[in-house]
>>> print(open('coords.pdb').read())   # PDB, C-alpha atoms
ATOM      1  CA  MET L   1      17.979   9.751   3.056
ATOM      2  CA  ASP L   2      18.199  10.845   6.673
ATOM      3  CA  GLU L   3      16.208   8.035   8.317
ATOM      4  CA  GLN L   4      15.571  10.038  11.468
ATOM      5  CA  LYS L   5      14.048  12.813   9.416
ATOM      6  CA  GLY L   6      12.107  10.269   7.382
ATOM      7  CA  ALA L   7      10.547   8.867  10.527
ATOM      8  CA  GLU L   8       9.697  12.254  11.982
ATOM      9  CA  GLY L   9       9.464  14.740   9.134
ATOM     10  CA  ASP L  10       6.308  13.281   7.577
ATOM     11  CA  THR L  11       4.295  12.825  10.751
ATOM     12  CA  GLY L  12       2.151  15.924  10.445
ATOM     13  CA  HIS L  13       2.764  16.580  14.171
ATOM     14  CA  GLY L  14       5.050  19.056  15.840
ATOM     15  CA  GLY L  15       6.335  16.772  18.588
ATOM     16  CA  ALA L  16       8.699  13.821  18.542
ATOM     17  CA  PRO L  17       6.943  10.577  17.559
ATOM     18  CA  PRO L  18       6.156   8.232  20.477
ATOM     19  CA  PRO L  19       8.138   4.968  20.749
ATOM     20  CA  PRO L  20       5.356   2.687  19.412
ATOM     21  CA  PHE L  21       5.097   4.744  16.233
ATOM     22  CA  ARG L  22       8.868   4.850  15.798
ATOM     23  CA  ALA L  23       9.037   1.072  16.232
ATOM     24  CA  ALA L  24       6.224   0.565  13.709
ATOM     25  CA  VAL L  25       8.047   2.729  11.160
ATOM     26  CA  ASP L  26      11.317   0.880  11.785
ATOM     27  CA  ALA L  27       9.504  -2.399  11.075
ATOM     28  CA  LEU L  28       8.308  -1.023   7.743
ATOM     29  CA  ARG L  29      11.850   0.011   6.868
ATOM     30  CA  GLY L  30      13.210  -3.421   7.721
ATOM     31  CA  ALA L  31      10.670  -5.491   5.780
ATOM     32  CA  ARG L  32      11.934  -7.852   3.081
ATOM     33  CA  LEU L  33      10.141  -7.833  -0.268
ATOM     34  CA  ARG L  34      10.420  -9.761  -3.504
ATOM     35  CA  PRO L  35      12.879  -8.148  -5.946
ATOM     36  CA  GLN L  36      10.233  -7.200  -8.542
ATOM     37  CA  ILE L  37       8.843  -4.621  -6.109
ATOM     38  CA  GLU L  38      10.488  -1.236  -5.666
ATOM     39  CA  ALA L  39       9.539   0.756  -2.558
ATOM     40  CA  GLU L  40      10.380   4.198  -1.241
ATOM     41  CA  SER L  41       9.180   6.670   1.371
ATOM     42  CA  THR L  42       6.930   9.530   0.291
ATOM     43  CA  PRO L  43       5.400  12.534   2.102
ATOM     44  CA  ALA L  44       2.564  11.426   4.369
ATOM     45  CA  PRO L  45      -0.835  13.118   4.751
ATOM     46  CA  LYS L  46      -0.793  15.585   7.632
ATOM     47  CA  ARG L  47      -4.422  15.767   8.741
ATOM     48  CA  LEU L  48      -5.546  12.157   9.113
ATOM     49  CA  ALA L  49      -3.791  11.444  12.405
ATOM     50  CA  PRO L  50      -1.264  13.012  14.798
ATOM     51  CA  TYR L  51       1.458  10.791  13.309
ATOM     52  CA  ALA L  52       1.715   9.316   9.822
ATOM     53  CA  TYR L  53       4.254   7.618   7.603
ATOM     54  CA  ALA L  54       3.792   6.736   3.928
ATOM     55  CA  LEU L  55       5.534   4.755   1.242
ATOM     56  CA  GLU L  56       4.996   4.065  -2.433
ATOM     57  CA  ALA L  57       5.703   0.793  -4.219
ATOM     58  CA  ALA L  58       5.550  -0.485  -7.773
ATOM     59  CA  VAL L  59       5.789  -3.876  -9.419
ATOM     60  CA  VAL L  60       8.412  -3.302 -12.102
ATOM     61  CA  ASP L  61       9.078  -5.296 -15.263
ATOM     62  CA  GLY L  62      11.948  -3.650 -17.123
ATOM     63  CA  GLU L  63      10.831  -0.080 -17.789
ATOM     64  CA  GLU L  64       7.151  -0.836 -17.163
ATOM     65  CA  ASP L  65       5.191  -0.518 -13.919
ATOM     66  CA  LEU L  66       2.715  -3.414 -13.847
ATOM     67  CA  ALA L  67       0.977  -2.108 -10.723
ATOM     68  CA  ASP L  68       1.606   0.574  -8.150
ATOM     69  CA  GLY L  69       0.257   1.734  -4.858
ATOM     70  CA  ARG L  70       0.637   3.693  -1.668
ATOM     71  CA  LEU L  71       0.536   2.501   1.934
ATOM     72  CA  VAL L  72       0.040   4.938   4.810
ATOM     73  CA  LEU L  73       0.553   4.135   8.494
ATOM     74  CA  LEU L  74      -1.508   6.324  10.831
ATOM     75  CA  HIS L  75      -1.112   6.554  14.598
ATOM     76  CA  ASP L  76      -3.193   8.285  17.235
ATOM     77  CA  PRO L  77      -1.860   7.545  20.745
ATOM     78  CA  ALA L  78      -5.240   8.495  22.234
ATOM     79  CA  GLY L  79      -7.009   5.869  20.172
ATOM     80  CA  HIS L  80      -9.674   6.296  17.523
ATOM     81  CA  ASP L  81     -13.252   5.036  17.907
ATOM     82  CA  ALA L  82     -13.664   4.134  14.235
ATOM     83  CA  TRP L  83     -10.349   2.276  14.148
ATOM     84  CA  ARG L  84     -10.862   0.463  17.473
ATOM     85  CA  GLY L  85      -7.156   0.886  18.046
ATOM     86  CA  THR L  86      -4.311   3.393  17.901
ATOM     87  CA  PHE L  87      -2.936   2.405  14.475
ATOM     88  CA  ARG L  88      -4.532   2.287  11.036
ATOM     89  CA  LEU L  89      -3.217   1.249   7.631
ATOM     90  CA  VAL L  90      -4.630   2.959   4.545
ATOM     91  CA  THR L  91      -3.888   1.895   1.000
ATOM     92  CA  LEU L  92      -4.414   2.586  -2.666
ATOM     93  CA  VAL L  93      -3.487  -0.081  -5.241
ATOM     94  CA  ARG L  94      -4.012   0.220  -9.000
ATOM     95  CA  ALA L  95      -3.155  -1.691 -12.138
ATOM     96  CA  GLU L  96      -4.047  -1.926 -15.804
ATOM     97  CA  LEU L  97      -6.274  -4.866 -16.703
ATOM     98  CA  GLU L  98      -6.484  -7.252 -19.600
ATOM     99  CA  PRO L  99      -9.844  -6.844 -21.440
ATOM    100  CA  GLU L 100     -11.104 -10.310 -20.501
ATOM    101  CA  MET L 101     -10.349  -9.706 -16.819
ATOM    102  CA  ALA L 102     -11.960  -6.265 -16.892
ATOM    103  CA  ALA L 103     -15.187  -7.806 -18.206
ATOM    104  CA  ASP L 104     -15.504 -10.297 -15.344
ATOM    105  CA  PRO L 105     -18.518  -9.252 -13.208
ATOM    106  CA  LEU L 106     -16.925 -10.889 -10.145
ATOM    107  CA  LEU L 107     -13.711  -8.866 -10.436
ATOM    108  CA  PRO L 108     -14.427  -6.432  -7.544
ATOM    109  CA  ASP L 109     -15.219  -9.301  -5.163
ATOM    110  CA  VAL L 110     -12.111 -11.185  -6.286
ATOM    111  CA  CYS L 111      -9.864  -8.154  -5.771
ATOM    112  CA  TRP L 112     -11.216  -7.575  -2.263
ATOM    113  CA  SER L 113     -10.622 -11.245  -1.452
ATOM    114  CA  TRP L 114      -7.028 -10.824  -2.633
ATOM    115  CA  LEU L 115      -6.521  -8.159   0.045
ATOM    116  CA  THR L 116      -8.095 -10.085   2.909
ATOM    117  CA  GLY L 117      -6.513 -13.317   1.690
ATOM    118  CA  ALA L 118      -3.044 -11.742   1.624
ATOM    119  CA  LEU L 119      -3.408 -10.632   5.251
ATOM    120  CA  THR L 120      -4.754 -14.004   6.344
ATOM    121  CA  ALA L 121      -2.078 -15.946   4.462
ATOM    122  CA  ARG L 122       0.598 -14.079   6.431
ATOM    123  CA  GLY L 123      -1.095 -14.976   9.720
ATOM    124  CA  LEU L 124      -1.992 -11.374  10.517
ATOM    125  CA  SER L 125      -4.691 -10.292  12.918
ATOM    126  CA  TYR L 126      -6.609  -7.175  11.953
ATOM    127  CA  GLY L 127      -9.981  -5.508  12.419
ATOM    128  CA  GLU L 128     -12.427  -2.979  11.016
ATOM    129  CA  PRO L 129     -11.575  -3.499   7.318
ATOM    130  CA  SER L 130     -13.304  -1.181   4.856
ATOM    131  CA  GLY L 131     -12.771  -0.062   1.302
ATOM    132  CA  THR L 132     -13.840   0.130  -2.312
ATOM    133  CA  VAL L 133     -12.881  -1.617  -5.531
ATOM    134  CA  THR L 134     -13.341   0.526  -8.642
ATOM    135  CA  ARG L 135     -13.135  -0.652 -12.226
ATOM    136  CA  ALA L 136     -12.717   2.054 -14.876
ATOM    137  CA  SER L 137     -12.522   1.947 -18.669
ATOM    138  CA  SER L 138     -11.043   4.558 -21.009
ATOM    139  CA  HIS L 139     -11.968   4.911 -24.680
ATOM    140  CA  TYR L 140     -10.018   7.271 -26.920
ATOM    141  CA  PHE L 141     -11.327   9.563 -29.664
ATOM    142  CA  GLY L 142     -10.133  12.153 -32.149
ATOM    143  CA  GLY L 143      -6.387  12.603 -32.087
ATOM    144  CA  LEU L 144      -6.118   9.744 -29.560
ATOM    145  CA  SER L 145      -8.314   7.284 -31.465
ATOM    146  CA  ALA L 146      -5.344   5.079 -32.393
ATOM    147  CA  ARG L 147      -4.956   4.084 -28.760
ATOM    148  CA  PRO L 148      -6.683   0.861 -27.736
ATOM    149  CA  ALA L 149      -9.320   0.980 -25.029
ATOM    150  CA  ALA L 150      -7.816   0.530 -21.561
ATOM    151  CA  SER L 151      -9.190  -0.656 -18.230
ATOM    152  CA  GLN L 152      -7.863  -0.123 -14.734
ATOM    153  CA  ILE L 153      -8.668  -1.554 -11.323
ATOM    154  CA  GLU L 154      -8.269   0.540  -8.195
ATOM    155  CA  ILE L 155      -8.453  -0.786  -4.641
ATOM    156  CA  ARG L 156      -8.827   1.669  -1.776
ATOM    157  CA  ALA L 157      -8.866   0.101   1.656
ATOM    158  CA  SER L 158      -8.025   0.541   5.322
ATOM    159  CA  TRP L 159      -7.768  -1.776   8.299
ATOM    160  CA  THR L 160      -6.597  -1.781  11.907
ATOM    161  CA  PRO L 161      -3.502  -3.907  12.563
ATOM    162  CA  ARG L 162      -3.748  -5.604  15.936
ATOM    163  CA  GLU L 163      -1.175  -4.329  18.397
ATOM    164  CA  GLY L 164       1.349  -6.706  19.865
ATOM    165  CA  LEU L 165       4.022  -6.429  22.525
ATOM    166  CA  GLY L 166       4.507  -2.849  23.651
ATOM    167  CA  GLY L 167       1.437  -1.711  21.734
ATOM    168  CA  VAL L 168       3.246  -2.074  18.391
ATOM    169  CA  PRO L 169       1.616  -3.884  15.440
ATOM    170  CA  ASP L 170       3.622  -6.125  13.126
ATOM    171  CA  THR L 171       3.751  -3.503  10.402
ATOM    172  CA  GLY L 172       6.614  -5.200   8.563
ATOM    173  CA  THR L 173       4.503  -8.283   7.882
ATOM    174  CA  HIS L 174       1.518  -6.111   6.970
ATOM    175  CA  LEU L 175       3.744  -4.450   4.365
ATOM    176  CA  VAL L 176       4.806  -7.838   2.995
ATOM    177  CA  ALA L 177       1.145  -8.905   2.758
ATOM    178  CA  TRP L 178       0.270  -5.640   1.035
ATOM    179  CA  CYS L 179       3.026  -6.269  -1.500
ATOM    180  CA  ASP L 180       1.599  -9.772  -2.029
ATOM    181  CA  LEU L 181      -1.624  -8.026  -3.037
ATOM    182  CA  LEU L 182       0.285  -5.632  -5.294
ATOM    183  CA  ALA L 183       2.030  -8.537  -7.018
ATOM    184  CA  GLN L 184      -1.221 -10.462  -7.444
ATOM    185  CA  VAL L 185      -2.950  -7.463  -9.019
ATOM    186  CA  ALA L 186       0.040  -7.171 -11.365
ATOM    187  CA  GLY L 187      -0.360 -10.815 -12.401
ATOM    188  CA  LEU L 188       2.829 -12.164 -10.840
ATOM    189  CA  PRO L 189       2.938 -15.751  -9.551
ATOM    190  CA  PRO L 190       3.229 -16.278  -5.791
ATOM    191  CA  ALA L 191       6.695 -15.556  -4.420
ATOM    192  CA  ALA L 192       8.947 -18.568  -3.931
ATOM    193  CA  PRO L 193      10.462 -19.111  -0.467
ATOM    194  CA  GLY L 194      13.508 -16.914  -0.085
ATOM    195  CA  ASP L 195      12.605 -14.813  -3.155
ATOM    196  CA  ALA L 196      13.120 -11.498  -1.416
ATOM    197  CA  SER L 197      15.465  -8.569  -1.132
ATOM    198  CA  VAL L 198      15.865  -5.923   1.520
ATOM    199  CA  VAL L 199      13.602  -2.951   0.965
ATOM    200  CA  THR L 200      15.424   0.330   0.521
ATOM    201  CA  LEU L 201      13.652   3.638   0.846
ATOM    202  CA  PRO L 202      15.591   6.126  -1.306
ATOM    203  CA  GLN L 203      14.605   9.677  -2.096
ATOM    204  CA  ARG L 204      11.269  10.011  -3.802
ATOM    205  CA  ARG L 205      11.329   9.398  -7.534
ATOM    206  CA  GLY L 206      10.031  11.907 -10.034
ATOM    207  CA  PRO L 207       6.540  11.599 -11.569
ATOM    208  CA  GLN L 208       6.092   8.532 -13.760
ATOM    209  CA  SER L 209       4.034   8.315 -16.893
ATOM    210  CA  ARG L 210       1.379   5.665 -16.983
TER
END
>>> encode(input="coords.pdb", output="structure tokens")
Amino acid sequence: MDEQKGAEGDTGHGGAPPPPFRAAVDALRGARLRPQIEAESTPAPKRLAPYAYALEAAVVDGEEDLADGRLVLLHDPAGHDAWRGTFRLVTLVRAELEPEMAADPLLPDVCWSWLTGALTARGLSYGEPSGTVTRASSHYFGGLSARPAASQIEIRASWTPREGLGGVPDTGTHLVAWCDLLAQVAGLPPAAPGDASVVTLPQRRGPQSR
């Protein structure tokens, strides 16, 4: 993949990205993640902010995706009142659930605490968090009646990463924390020290069946 095009082609803005945004994207590209997580760039939304960059990730076990999600970095150099900053991270995380976990009435609260806990555990400063946790169940009938009932959890959230030196947030560590959440939703144990590999962002994969 042409990295220059990847940093600029998905911004949704006609001009060249400003240096803080380019640095934030470079930090995402250079993050180190545990080897069970596969990540890649994907087209970013074009109307949420002047500049945007997106990636997809999945927790993979053999041929099976245990959980997947999308993380979008938004940037508005003029600032945004609702964000209380110039950057915003927006995410979707989803995973299939075991029946006993799906029945837990505290599940939505637990999943939200996984997100905030992942950010805190990495020592990250952030503000204005908001989001939803949705639990859905599917029951099959007729020609699909042989399939067992299935449940899925979906976390939609956004938060403002605090800007550091040069007005650039530590987006690489935010990505690592987000992948901690992804792994926890997938049921993986915490990563051991040094259990990481360099993230590569290849061309977008084709659609996957779930």
>>> resolve_selection(input="coords.pdb", expression="the PyMOL selection byres ((chain L and resi 88) around 7)", output="list in words")
Leu73, Leu74, His75, Trp83, Thr86, Phe87, Leu89, Val90, Ser158, Trp159, Thr160 and Pro161 of chain L
>>> closest_atom_pairs(input="coords.pdb", of="range 35-122 of chain L", to="range 14-28 of chain L", cutoff="12 Å", atoms="only C-alpha atoms", output="JSON lines")
{"residue": "L:Ala39", "atom": "CA", "partner": "L:Leu28", "partner_atom": "CA", "distance": 10.5}
{"residue": "L:Glu40", "atom": "CA", "partner": "L:Leu28", "partner_atom": "CA", "distance": 10.6}
{"residue": "L:Ser41", "atom": "CA", "partner": "L:Leu28", "partner_atom": "CA", "distance": 10.0}
{"residue": "L:Lys46", "atom": "CA", "partner": "L:Gly14", "partner_atom": "CA", "distance": 10.7}
{"residue": "L:Ala49", "atom": "CA", "partner": "L:Phe21", "partner_atom": "CA", "distance": 11.8}
{"residue": "L:Pro50", "atom": "CA", "partner": "L:Gly14", "partner_atom": "CA", "distance": 8.8}
{"residue": "L:Tyr51", "atom": "CA", "partner": "L:Pro17", "partner_atom": "CA", "distance": 6.9}
{"residue": "L:Ala52", "atom": "CA", "partner": "L:Phe21", "partner_atom": "CA", "distance": 8.6}
{"residue": "L:Tyr53", "atom": "CA", "partner": "L:Val25", "partner_atom": "CA", "distance": 7.1}
{"residue": "L:Ala54", "atom": "CA", "partner": "L:Val25", "partner_atom": "CA", "distance": 9.3}
{"residue": "L:Leu55", "atom": "CA", "partner": "L:Leu28", "partner_atom": "CA", "distance": 9.1}
{"residue": "L:Glu56", "atom": "CA", "partner": "L:Leu28", "partner_atom": "CA", "distance": 11.8}
{"residue": "L:Leu71", "atom": "CA", "partner": "L:Leu28", "partner_atom": "CA", "distance": 10.3}
{"residue": "L:Val72", "atom": "CA", "partner": "L:Val25", "partner_atom": "CA", "distance": 10.5}
{"residue": "L:Leu73", "atom": "CA", "partner": "L:Val25", "partner_atom": "CA", "distance": 8.1}
{"residue": "L:Leu74", "atom": "CA", "partner": "L:Phe21", "partner_atom": "CA", "distance": 8.7}
{"residue": "L:His75", "atom": "CA", "partner": "L:Phe21", "partner_atom": "CA", "distance": 6.7}
{"residue": "L:Asp76", "atom": "CA", "partner": "L:Phe21", "partner_atom": "CA", "distance": 9.1}
{"residue": "L:Pro77", "atom": "CA", "partner": "L:Pro18", "partner_atom": "CA", "distance": 8.0}
{"residue": "L:Ala78", "atom": "CA", "partner": "L:Pro18", "partner_atom": "CA", "distance": 11.5}
{"residue": "L:Thr86", "atom": "CA", "partner": "L:Phe21", "partner_atom": "CA", "distance": 9.6}
{"residue": "L:Phe87", "atom": "CA", "partner": "L:Phe21", "partner_atom": "CA", "distance": 8.5}
{"residue": "L:Arg88", "atom": "CA", "partner": "L:Phe21", "partner_atom": "CA", "distance": 11.2}
{"residue": "L:Leu89", "atom": "CA", "partner": "L:Ala24", "partner_atom": "CA", "distance": 11.2}
>>> axis_aligned_box(input="coords.pdb", around="range 175-185 of chain L", padding_each_side="8 Å", output="JSON")
{"center_x": 0.9, "center_y": -7.5, "center_z": -2.3, "size_x": 23.8, "size_y": 22.0, "size_z": 29.4}
>>> closest_residue(input="coords.pdb", among="L:Leu175, L:Leu119, L:Cys111, L:Leu124", to="Arg29 in chain L", atoms="only C-alpha atoms")
L:Leu175
>>> closest_residue(input="coords.pdb", among="L:Arg147, L:Arg94, L:Arg84, L:Arg34", to="Pro129 in chain L", atoms="all atoms listed in the file")
L:Arg84
>>> resolve_selection(input="coords.pdb", expression="the PyMOL selection byres ((chain L and resi 93) around 12)", output="PyMOL selection string")
chain L and resi 56-59+66-72+90-92+94-96+111-112+114-115+131-135+152-158+178-186
>>> closest_residue(input="coords.pdb", among="L:Thr116, L:Thr42, L:Ser151, L:Gln36", to="Val60 in chain L", atoms="all atoms listed in the file")
L:Gln36
>>> atom_distance(input="coords.pdb", atom1="CA of Gly123 in chain L", atom2="CA of Leu188 in chain L")
21.1 Å
>>> atom_distance(input="coords.pdb", atom1="CA of Thr171 in chain L", atom2="CA of Val110 in chain L")
24.3 Å
>>> build_atoms(input="coords.pdb", residues="range 123-136 of chain L", atoms="N, CA, C and O atoms", output="mmCIF file, in the frame of the given file")
data_model
loop_
_atom_site.group_PDB
_atom_site.id
_atom_site.type_symbol
_atom_site.label_atom_id
_atom_site.label_comp_id
_atom_site.auth_asym_id
_atom_site.auth_seq_id
_atom_site.Cartn_x
_atom_site.Cartn_y
_atom_site.Cartn_z
ATOM 1 N N GLY L 123 -0.807 -14.741 8.307
ATOM 2 C CA GLY L 123 -1.095 -14.976 9.720
ATOM 3 C C GLY L 123 -1.349 -13.715 10.516
ATOM 4 O O GLY L 123 -1.152 -13.699 11.733
ATOM 5 N N LEU L 124 -1.816 -12.658 9.852
ATOM 6 C CA LEU L 124 -1.992 -11.374 10.517
ATOM 7 C C LEU L 124 -3.384 -11.242 11.121
ATOM 8 O O LEU L 124 -4.375 -11.687 10.549
ATOM 9 N N SER L 125 -3.423 -10.594 12.257
ATOM 10 C CA SER L 125 -4.691 -10.292 12.918
ATOM 11 C C SER L 125 -5.007 -8.820 12.688
ATOM 12 O O SER L 125 -4.162 -7.952 12.896
ATOM 13 N N TYR L 126 -6.235 -8.554 12.259
ATOM 14 C CA TYR L 126 -6.609 -7.175 11.953
ATOM 15 C C TYR L 126 -8.112 -7.017 12.174
ATOM 16 O O TYR L 126 -8.860 -7.998 12.302
ATOM 17 N N GLY L 127 -8.573 -5.765 12.208
ATOM 18 C CA GLY L 127 -9.981 -5.508 12.419
ATOM 19 C C GLY L 127 -10.464 -4.319 11.629
ATOM 20 O O GLY L 127 -9.671 -3.576 11.033
ATOM 21 N N GLU L 128 -11.756 -4.125 11.631
ATOM 22 C CA GLU L 128 -12.427 -2.979 11.016
ATOM 23 C C GLU L 128 -11.989 -2.719 9.571
ATOM 24 O O GLU L 128 -11.683 -1.589 9.195
ATOM 25 N N PRO L 129 -11.948 -3.759 8.714
ATOM 26 C CA PRO L 129 -11.575 -3.499 7.318
ATOM 27 C C PRO L 129 -12.697 -2.775 6.581
ATOM 28 O O PRO L 129 -13.884 -3.017 6.823
ATOM 29 N N SER L 130 -12.318 -1.870 5.691
ATOM 30 C CA SER L 130 -13.304 -1.181 4.856
ATOM 31 C C SER L 130 -12.608 -0.734 3.578
ATOM 32 O O SER L 130 -11.382 -0.588 3.544
ATOM 33 N N GLY L 131 -13.391 -0.520 2.534
ATOM 34 C CA GLY L 131 -12.771 -0.062 1.302
ATOM 35 C C GLY L 131 -13.682 -0.154 0.103
ATOM 36 O O GLY L 131 -14.857 -0.516 0.198
ATOM 37 N N THR L 132 -13.124 0.178 -1.044
ATOM 38 C CA THR L 132 -13.840 0.130 -2.312
ATOM 39 C C THR L 132 -12.951 -0.488 -3.373
ATOM 40 O O THR L 132 -11.712 -0.379 -3.310
ATOM 41 N N VAL L 133 -13.571 -1.133 -4.341
ATOM 42 C CA VAL L 133 -12.881 -1.617 -5.531
ATOM 43 C C VAL L 133 -13.564 -0.964 -6.731
ATOM 44 O O VAL L 133 -14.778 -1.118 -6.920
ATOM 45 N N THR L 134 -12.797 -0.227 -7.514
ATOM 46 C CA THR L 134 -13.341 0.526 -8.642
ATOM 47 C C THR L 134 -12.730 0.025 -9.940
ATOM 48 O O THR L 134 -11.506 -0.089 -10.055
ATOM 49 N N ARG L 135 -13.586 -0.229 -10.901
ATOM 50 C CA ARG L 135 -13.135 -0.652 -12.226
ATOM 51 C C ARG L 135 -13.492 0.467 -13.198
ATOM 52 O O ARG L 135 -14.628 0.901 -13.274
ATOM 53 N N ALA L 136 -12.499 0.944 -13.952
ATOM 54 C CA ALA L 136 -12.717 2.054 -14.876
ATOM 55 C C ALA L 136 -12.213 1.689 -16.272
ATOM 56 O O ALA L 136 -11.216 0.979 -16.413
#
